[in-house]
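Dumped entry25.txt below, it's compact mmCIF, C-alpha atoms:
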# COMPACT_ATOMS: atom_id res chain seq x y z
CA GLY A 1 29.24 -169.07 -77.73
CA ALA A 2 32.93 -169.58 -78.14
CA VAL A 3 35.18 -169.23 -75.12
CA VAL A 4 38.25 -167.10 -74.69
CA SER A 5 40.15 -167.66 -71.47
CA GLN A 6 42.38 -164.94 -70.08
CA HIS A 7 44.77 -165.54 -67.21
CA PRO A 8 45.41 -164.26 -64.61
CA SER A 9 42.24 -162.38 -63.74
CA ARG A 10 44.14 -160.08 -61.41
CA VAL A 11 47.78 -159.56 -60.61
CA ILE A 12 49.78 -157.29 -58.35
CA CYS A 13 53.43 -156.74 -59.14
CA LYS A 14 56.25 -154.53 -57.98
CA SER A 15 57.55 -151.63 -60.01
CA GLY A 16 60.27 -152.69 -62.40
CA THR A 17 59.13 -156.27 -62.80
CA SER A 18 57.49 -157.84 -65.85
CA VAL A 19 54.07 -159.44 -66.02
CA LYS A 20 52.75 -161.86 -68.61
CA ILE A 21 49.06 -162.20 -69.44
CA GLU A 22 47.79 -165.17 -71.43
CA CYS A 23 44.84 -165.31 -73.78
CA ARG A 24 43.58 -168.63 -75.11
CA SER A 25 40.80 -169.47 -77.53
CA LEU A 26 39.45 -172.74 -76.18
CA ASP A 27 37.23 -174.05 -78.93
CA PHE A 28 38.23 -172.30 -82.12
CA GLN A 29 41.31 -171.25 -83.99
CA ALA A 30 41.94 -167.55 -83.67
CA THR A 31 43.65 -166.14 -86.72
CA THR A 32 43.51 -162.69 -85.17
CA MET A 33 43.79 -161.56 -81.58
CA PHE A 34 43.40 -158.10 -80.15
CA TRP A 35 44.67 -156.56 -76.93
CA TYR A 36 42.91 -153.70 -75.21
CA ARG A 37 43.41 -151.49 -72.22
CA GLN A 38 40.50 -149.99 -70.34
CA PHE A 39 40.49 -147.22 -67.75
CA PRO A 40 37.64 -146.81 -65.25
CA LYS A 41 34.42 -145.56 -66.84
CA LYS A 42 36.08 -145.43 -70.25
CA SER A 43 35.78 -147.43 -73.42
CA LEU A 44 38.21 -150.10 -74.56
CA MET A 45 41.35 -148.73 -76.17
CA LEU A 46 42.93 -150.94 -78.80
CA MET A 47 46.62 -151.51 -78.10
CA ALA A 48 47.58 -153.95 -80.82
CA THR A 49 46.36 -156.49 -83.32
CA SER A 50 48.18 -159.75 -83.85
CA ASN A 51 47.85 -162.41 -86.48
CA GLU A 52 49.17 -165.90 -85.85
CA GLY A 53 52.79 -166.21 -86.85
CA SER A 54 53.20 -162.50 -87.58
CA LYS A 55 54.46 -159.56 -85.62
CA ALA A 56 51.80 -157.58 -83.85
CA THR A 57 50.63 -154.28 -85.26
CA TYR A 58 50.62 -151.65 -82.53
CA GLU A 59 48.36 -148.63 -82.36
CA GLN A 60 49.87 -145.18 -82.36
CA GLY A 61 51.23 -144.24 -78.96
CA VAL A 62 51.59 -147.81 -77.69
CA GLU A 63 55.20 -148.72 -76.93
CA LYS A 64 55.99 -152.03 -78.56
CA ASP A 65 59.06 -152.57 -76.38
CA LYS A 66 57.01 -152.12 -73.25
CA PHE A 67 53.99 -154.19 -74.27
CA LEU A 68 55.36 -157.31 -75.90
CA ILE A 69 52.79 -159.34 -77.78
CA ASN A 70 53.33 -162.86 -78.99
CA HIS A 71 50.85 -164.88 -81.06
CA ALA A 72 52.77 -168.09 -81.51
CA SER A 73 49.82 -170.40 -82.15
CA LEU A 74 46.23 -170.26 -83.34
CA THR A 75 44.98 -170.61 -79.78
CA LEU A 76 47.39 -168.58 -77.68
CA SER A 77 48.52 -164.99 -77.48
CA THR A 78 50.46 -163.37 -74.68
CA LEU A 79 50.93 -159.79 -73.56
CA THR A 80 53.99 -159.03 -71.46
CA VAL A 81 54.18 -155.72 -69.66
CA THR A 82 57.89 -155.13 -69.22
CA SER A 83 59.42 -153.03 -66.46
CA ALA A 84 55.99 -152.21 -65.15
CA HIS A 85 55.31 -148.89 -63.45
CA PRO A 86 52.29 -147.68 -61.48
CA GLU A 87 50.95 -145.85 -64.55
CA ASP A 88 50.66 -149.24 -66.28
CA SER A 89 48.04 -150.26 -63.75
CA SER A 90 44.86 -150.89 -65.69
CA PHE A 91 42.34 -153.45 -66.91
CA TYR A 92 43.70 -155.40 -69.88
CA ILE A 93 41.37 -157.38 -72.15
CA CYS A 94 42.11 -159.74 -75.01
CA SER A 95 39.87 -160.73 -77.87
CA ALA A 96 40.05 -163.49 -80.45
CA ARG A 97 38.41 -163.92 -83.82
CA GLU A 98 38.38 -166.88 -86.16
CA ASP A 99 37.97 -164.91 -89.37
CA TRP A 100 37.62 -161.28 -90.44
CA ASN A 101 33.84 -161.51 -90.80
CA THR A 102 33.07 -163.54 -87.69
CA GLU A 103 32.28 -162.22 -84.26
CA ALA A 104 35.10 -161.65 -81.82
CA PHE A 105 35.02 -163.15 -78.35
CA PHE A 106 36.60 -161.55 -75.34
CA GLY A 107 38.47 -162.78 -72.33
CA GLN A 108 37.32 -161.88 -68.85
CA GLY A 109 40.06 -159.29 -68.46
CA THR A 110 43.10 -158.91 -66.22
CA ARG A 111 43.29 -156.30 -63.50
CA LEU A 112 46.95 -155.26 -63.23
CA THR A 113 48.10 -153.28 -60.22
CA VAL A 114 51.70 -152.12 -60.08
CA VAL A 115 52.90 -151.07 -56.63
CA LEU B 1 37.74 -147.32 -90.29
CA ALA B 2 34.10 -146.59 -89.64
CA LYS B 3 33.59 -144.43 -86.58
CA THR B 4 30.51 -145.22 -84.54
CA THR B 5 28.35 -142.78 -82.60
CA GLN B 6 25.88 -143.80 -79.92
CA PRO B 7 23.96 -142.02 -77.16
CA ILE B 8 26.11 -141.83 -74.06
CA SER B 9 23.38 -143.05 -71.74
CA MET B 10 19.79 -144.29 -71.67
CA ASP B 11 17.35 -145.03 -68.91
CA SER B 12 14.57 -147.59 -68.98
CA TYR B 13 12.27 -149.55 -66.71
CA GLU B 14 11.92 -153.26 -66.26
CA GLY B 15 9.71 -154.91 -68.84
CA GLN B 16 10.13 -152.20 -71.46
CA GLU B 17 11.63 -152.61 -74.90
CA VAL B 18 14.86 -150.67 -75.36
CA ASN B 19 16.18 -149.52 -78.71
CA ILE B 20 19.74 -148.23 -78.98
CA THR B 21 20.72 -146.65 -82.27
CA CYS B 22 24.25 -146.43 -83.57
CA SER B 23 25.46 -144.23 -86.40
CA HIS B 24 28.25 -145.46 -88.68
CA ASN B 25 28.18 -143.16 -91.70
CA ASN B 26 31.50 -144.31 -93.12
CA ILE B 27 30.90 -148.04 -92.93
CA ALA B 28 32.83 -150.02 -95.51
CA THR B 29 31.27 -152.53 -97.88
CA ASN B 30 32.90 -155.46 -96.11
CA ASP B 31 32.13 -154.32 -92.57
CA TYR B 32 29.73 -156.24 -90.38
CA ILE B 33 27.85 -154.56 -87.54
CA THR B 34 28.36 -156.16 -84.18
CA TRP B 35 26.98 -155.30 -80.75
CA TYR B 36 28.58 -156.15 -77.43
CA GLN B 37 27.50 -155.85 -73.82
CA GLN B 38 29.93 -155.11 -71.01
CA PHE B 39 29.49 -155.31 -67.26
CA PRO B 40 31.98 -153.61 -64.91
CA SER B 41 35.32 -155.43 -64.59
CA GLN B 42 34.40 -157.98 -67.26
CA GLY B 43 35.27 -158.41 -70.90
CA PRO B 44 32.60 -157.52 -73.48
CA ARG B 45 30.08 -160.20 -74.36
CA PHE B 46 28.86 -160.74 -77.92
CA ILE B 47 25.17 -159.96 -78.42
CA ILE B 48 24.40 -159.98 -82.13
CA GLN B 49 25.93 -159.40 -85.54
CA GLY B 50 24.45 -158.49 -88.89
CA TYR B 51 25.24 -157.15 -92.33
CA LYS B 52 21.89 -155.82 -93.55
CA THR B 53 18.13 -155.99 -92.92
CA LYS B 54 17.12 -157.68 -89.70
CA VAL B 55 18.74 -160.28 -87.51
CA THR B 56 17.16 -161.83 -84.45
CA ASN B 57 18.51 -164.20 -81.84
CA GLU B 58 17.37 -165.32 -78.41
CA VAL B 59 18.38 -162.11 -76.68
CA ALA B 60 18.05 -159.26 -79.17
CA SER B 61 17.17 -158.01 -82.63
CA LEU B 62 19.33 -155.92 -84.90
CA PHE B 63 17.80 -153.65 -87.52
CA ILE B 64 19.97 -152.33 -90.34
CA PRO B 65 18.53 -150.04 -93.03
CA ALA B 66 19.42 -150.44 -96.67
CA ASP B 67 22.11 -147.73 -96.62
CA ARG B 68 23.76 -149.39 -93.59
CA LYS B 69 24.73 -146.03 -92.14
CA SER B 70 23.03 -146.81 -88.87
CA SER B 71 21.81 -149.77 -86.90
CA THR B 72 19.43 -150.30 -83.99
CA LEU B 73 19.81 -152.85 -81.26
CA SER B 74 16.47 -153.84 -79.79
CA LEU B 75 16.29 -155.47 -76.36
CA PRO B 76 12.81 -156.83 -75.61
CA ARG B 77 11.46 -156.61 -72.08
CA VAL B 78 14.63 -155.54 -70.28
CA SER B 79 15.36 -156.55 -66.72
CA LEU B 80 17.62 -155.08 -64.04
CA SER B 81 20.39 -157.43 -65.15
CA ASP B 82 20.50 -155.72 -68.54
CA THR B 83 22.04 -152.66 -66.90
CA ALA B 84 25.39 -152.46 -68.69
CA VAL B 85 27.34 -150.61 -71.35
CA TYR B 86 26.47 -151.50 -74.94
CA TYR B 87 28.90 -151.02 -77.80
CA CYS B 88 28.31 -151.17 -81.52
CA LEU B 89 31.21 -151.83 -83.86
CA ALA B 90 31.44 -151.61 -87.61
CA GLN B 91 33.71 -154.57 -87.82
CA GLY B 92 36.20 -155.06 -90.60
CA GLY B 93 39.86 -155.52 -89.82
CA LYS B 94 40.49 -153.81 -86.51
CA LEU B 95 37.93 -153.81 -83.70
CA ILE B 96 37.65 -150.19 -82.64
CA PHE B 97 35.31 -149.37 -79.79
CA GLY B 98 33.40 -146.13 -79.59
CA GLN B 99 32.17 -144.57 -76.37
CA GLY B 100 29.29 -147.02 -75.89
CA THR B 101 25.84 -146.49 -74.37
CA GLU B 102 25.39 -146.88 -70.65
CA LEU B 103 21.95 -148.41 -70.17
CA SER B 104 20.37 -148.15 -66.77
CA VAL B 105 17.29 -150.28 -66.09
CA LYS B 106 15.22 -149.27 -63.11
CA PRO B 107 12.59 -151.25 -61.20
Mind converting the file's structure to C-alpha cells?
Amino acid sequence: GAVVSQHPSRVICKSGTSVKIECRSLDFQATTMFWYRQFPKKSLMLMATSNEGSKATYEQGVEKDKFLINHASLTLSTLTVTSAHPEDSSFYICSAREDWNTEAFFGQGTRLTVV
Amino acid sequence: LAKTTQPISMDSYEGQEVNITCSHNNIATNDYITWYQQFPSQGPRFIIQGYKTKVTNEVASLFIPADRKSSTLSLPRVSLSDTAVYYCLAQGGKLIFGQGTELSVKP
C-alpha cells in the first residue's frame, strides 16, 4: 500500500518550546491530510483537516494558535505544537488521502513528551 | 457525519474466523466503509474498503448489506499477531474514529 512517513517518531522537549512534526506522502499526492491525537487506551481524536493550499479546518476545542498546521504541498504537511506544556504530551498521528473516496494512509505516529 | 458503533472487545482463538460488526445507521450516500487495524504505539493500518455487497482481499472480507447501515469485517483463521484494535469508519469528508474493537487472540 501507499506510504506515509511521519517524522520524528518520538521527541522530548522542554516546556515553552515549539516542536514541529512532519508528515509526507511518499508515493501519491495527498489532497487532504488529517492530524490526530491519541491518549493511552483511547481512540484517535481528530484535531484538524487540511487541504493542500488551504487553511486547515480545526475541530471544536482545538486551539489553532497552539497547533499550527501547514499543508504547503501535495506531499507534505506539518504540525507545530507551539509553547508546548506537559499536558500537550501525547501520541500524534497524521493521515493522508489522495481523493475523498480513496483509502487514507497513516503515518507511524510521533510520541511527544514535554518536560 | 455517520457515527459508528462497534463492540468494545472480542476474544478469539488462533485458527478461528472472527467477524466484527459495525453499525453506521446514518451513513451518507457518498460514504465508503473502511476498516483499519492499529497496534499499540503505531498508526492505523488500512485493511479493506467497500461501498456495498462484498469485498475480499488477501487479508480480510467485508460484507455490506443492501441498506448499508452496518458492515462486517471477517478475518479468516486469526493468529496471535492479529491481536489489535480494529476501527470501522464511514468515510466521506472527515475521518472520524469511533471507539474501535479490541480483539484479543489467544493460543
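Contacts from chain A to chain B at a cut-off of 7 Å (all atoms listed in the file) map to A:Ser43, A:Leu44, A:Leu46, A:Ile93, A:Trp100, A:Asn101, A:Phe105, A:Phe106, A:Gly107, A:Gln108, A:Gly109.
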| said: Could you tell me how far atom CA of A:Thr113 sits from atom CA of A:Gln6, in Å to one decimal place? | reply: 16.3 Å
Box dimensions and centre (Å, one decimal) enclosing stretch 103-110 of chain A, axis-aligned, 6 Å extra per side, as lines of an AutoDock Vina configuration file:
center_x = 37.7
center_y = -161.0
center_z = -75.2
size_x = 22.8
size_y = 16.2
size_z = 30.0
| query | Can you list, as an MDAnalysis selection string, every protein, DNA or RNA residue that comes within 12 Å of A:Leu74 when you count only C-alpha atoms, leaving out same-chain residues fewer than 5 positions away? | reply | chainID A and resid 23:33 50:54 96:99
| request: May I ask for the distance between atom CA of B:Pro76 and atom CA of B:Phe39, given in Å to one decimal place? | output: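 Going from atom CA of B:Pro76 over to atom CA of B:Phe39 covers 18.7 Å.
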| task | Identify which of the residues A:Lys42, A:Thr75, A:Tyr36, A:Pro86 lies closest to A:Val62, counting all atoms listed in the file when measuring atom-to-atom distances. | result | A:Tyr36
| If you measure from atom CA of A:Val114 to atom CA of A:Ala72, what distance in Å do you get, rounded to one decimal? | 26.7 Å
| message | What's around B:Thr101 at 9 Å? Count all atoms listed in the file, leave out sequence neighbours fewer than 4 positions away in its own chain, and write the answer as a ChimeraX atom specification. | response | /B:6-10,20,84-88
| message | Between A:Gln60, A:Ser9, A:Ser89, A:Thr49, which residue has the minimum interatomic distance to A:Val115, considering all atoms listed in the file? | response | A:Ser89
| query | Skipping near chain neighbours, those fewer than 2 positions away, what residues fall within 9 Å of A:Glu22 using all atoms listed in the file, listed as a list in words? | reply |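 Selected residues are Ser5, Gln6, His7, Pro8, Lys20, Arg24, Leu76, Ser77, Thr78, Leu79, Thr80 and Cys94 of chain A.
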Using only C-alpha atoms, please write the residues we just selected to a file, as a PDB file, in the coordinates of the input.
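To be explicit, this is the file written out as part.pdb:
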ATOM      1  CA  SER A   5      40.150-167.660 -71.470  1.00  0.00           C
ATOM      2  CA  GLN A   6      42.380-164.940 -70.080  1.00  0.00           C
ATOM      3  CA  HIS A   7      44.770-165.540 -67.210  1.00  0.00           C
ATOM      4  CA  PRO A   8      45.410-164.260 -64.610  1.00  0.00           C
ATOM      5  CA  LYS A  20      52.750-161.860 -68.610  1.00  0.00           C
ATOM      6  CA  ARG A  24      43.580-168.630 -75.110  1.00  0.00           C
ATOM      7  CA  LEU A  76      47.390-168.580 -77.680  1.00  0.00           C
ATOM      8  CA  SER A  77      48.520-164.990 -77.480  1.00  0.00           C
ATOM      9  CA  THR A  78      50.460-163.370 -74.680  1.00  0.00           C
ATOM     10  CA  LEU A  79      50.930-159.790 -73.560  1.00  0.00           C
ATOM     11  CA  THR A  80      53.990-159.030 -71.460  1.00  0.00           C
ATOM     12  CA  CYS A  94      42.110-159.740 -75.010  1.00  0.00           C
TER      13      CYS A  94
END
| field | Selection near B:Glu17, 12 Å with all atoms listed in the file, sequence-local residues under 5 positions removed, as a list of chain:residue names | value |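 Near B:Glu17, the qualifying residues are B:Asp11, B:Ser12, B:Val59, B:Ala60, B:Ser61, B:Leu73, B:Ser74, B:Leu75, B:Pro76, B:Arg77, B:Val78, B:Ser79, B:Asp82, B:Val105.
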From the structure just shown, export stretch 26-105 of chain B with C-alpha atoms as a tab-separated table (two decimals), in the first residue's frame.
chain	number	residue	atom	x	y	z
B	26	ASN	CA	-26.68	7.42	9.40
B	27	ILE	CA	-24.26	6.60	6.61
B	28	ALA	CA	-24.41	9.07	3.73
B	29	THR	CA	-24.87	8.07	0.10
B	30	ASN	CA	-21.31	9.03	-0.78
B	31	ASP	CA	-19.66	7.41	2.22
B	32	TYR	CA	-17.38	4.42	1.81
B	33	ILE	CA	-16.84	1.94	4.63
B	34	THR	CA	-13.24	1.46	5.61
B	35	TRP	CA	-11.62	-0.74	8.25
B	36	TYR	CA	-8.29	-0.11	9.93
B	37	GLN	CA	-6.11	-2.10	12.30
B	38	GLN	CA	-3.99	-0.47	14.98
B	39	PHE	CA	-1.23	-1.90	17.14
B	40	PRO	CA	-0.04	-0.04	20.27
B	41	SER	CA	2.13	3.00	19.54
B	42	GLN	CA	1.63	2.71	15.78
B	43	GLY	CA	-0.54	4.49	13.27
B	44	PRO	CA	-3.60	2.65	11.95
B	45	ARG	CA	-3.09	0.33	9.00
B	46	PHE	CA	-5.61	0.08	6.16
B	47	ILE	CA	-7.33	-3.31	5.93
B	48	ILE	CA	-10.19	-3.07	3.46
B	49	GLN	CA	-12.69	-0.66	1.96
B	50	GLY	CA	-16.06	-1.16	0.32
B	51	TYR	CA	-19.25	0.58	-0.74
B	52	LYS	CA	-21.76	-2.26	-0.96
B	53	THR	CA	-22.07	-6.06	-1.20
B	54	LYS	CA	-18.87	-7.96	-0.59
B	55	VAL	CA	-15.22	-7.11	-0.96
B	56	THR	CA	-12.36	-9.51	-0.42
B	57	ASN	CA	-8.62	-9.01	-0.38
B	58	GLU	CA	-5.66	-11.08	0.78
B	59	VAL	CA	-6.25	-10.41	4.46
B	60	ALA	CA	-9.98	-9.94	5.01
B	61	SER	CA	-13.50	-9.81	3.65
B	62	LEU	CA	-16.01	-7.02	4.09
B	63	PHE	CA	-19.74	-7.70	3.95
B	64	ILE	CA	-22.13	-4.80	3.47
B	65	PRO	CA	-25.90	-5.37	3.31
B	66	ALA	CA	-28.09	-3.57	0.82
B	67	ASP	CA	-29.18	-0.87	3.29
B	68	ARG	CA	-25.52	-0.16	4.17
B	69	LYS	CA	-26.42	0.55	7.78
B	70	SER	CA	-23.93	-1.99	9.02
B	71	SER	CA	-20.86	-3.83	7.85
B	72	THR	CA	-18.96	-6.91	8.97
B	73	LEU	CA	-15.24	-7.39	8.80
B	74	SER	CA	-14.30	-11.05	8.52
B	75	LEU	CA	-10.80	-12.21	9.43
B	76	PRO	CA	-10.18	-15.81	8.39
B	77	ARG	CA	-8.06	-18.04	10.61
B	78	VAL	CA	-6.72	-15.42	13.00
B	79	SER	CA	-3.31	-15.71	14.58
B	80	LEU	CA	-1.79	-14.18	17.71
B	81	SER	CA	-0.43	-11.32	15.60
B	82	ASP	CA	-3.98	-10.23	14.77
B	83	THR	CA	-4.41	-9.04	18.36
B	84	ALA	CA	-5.06	-5.33	17.83
B	85	VAL	CA	-7.74	-2.66	17.82
B	86	TYR	CA	-9.98	-2.59	14.76
B	87	TYR	CA	-11.81	0.54	13.65
B	88	CYS	CA	-14.55	0.95	11.09
B	89	LEU	CA	-15.15	4.33	9.51
B	90	ALA	CA	-17.97	5.55	7.33
B	91	GLN	CA	-15.67	7.66	5.26
B	92	GLY	CA	-16.80	10.77	3.46
B	93	GLY	CA	-15.09	14.06	4.12
B	94	LYS	CA	-13.65	13.87	7.60
B	95	LEU	CA	-12.20	10.66	9.03
B	96	ILE	CA	-13.83	10.28	12.41
B	97	PHE	CA	-12.83	7.30	14.53
B	98	GLY	CA	-15.23	5.56	16.85
B	99	GLN	CA	-14.18	3.60	19.91
B	100	GLY	CA	-12.92	0.58	17.96
B	101	THR	CA	-12.95	-3.12	18.84
B	102	GLU	CA	-10.10	-4.56	20.84
B	103	LEU	CA	-9.56	-8.07	19.51
B	104	SER	CA	-7.62	-10.48	21.64
B	105	VAL	CA	-6.46	-13.72	20.02
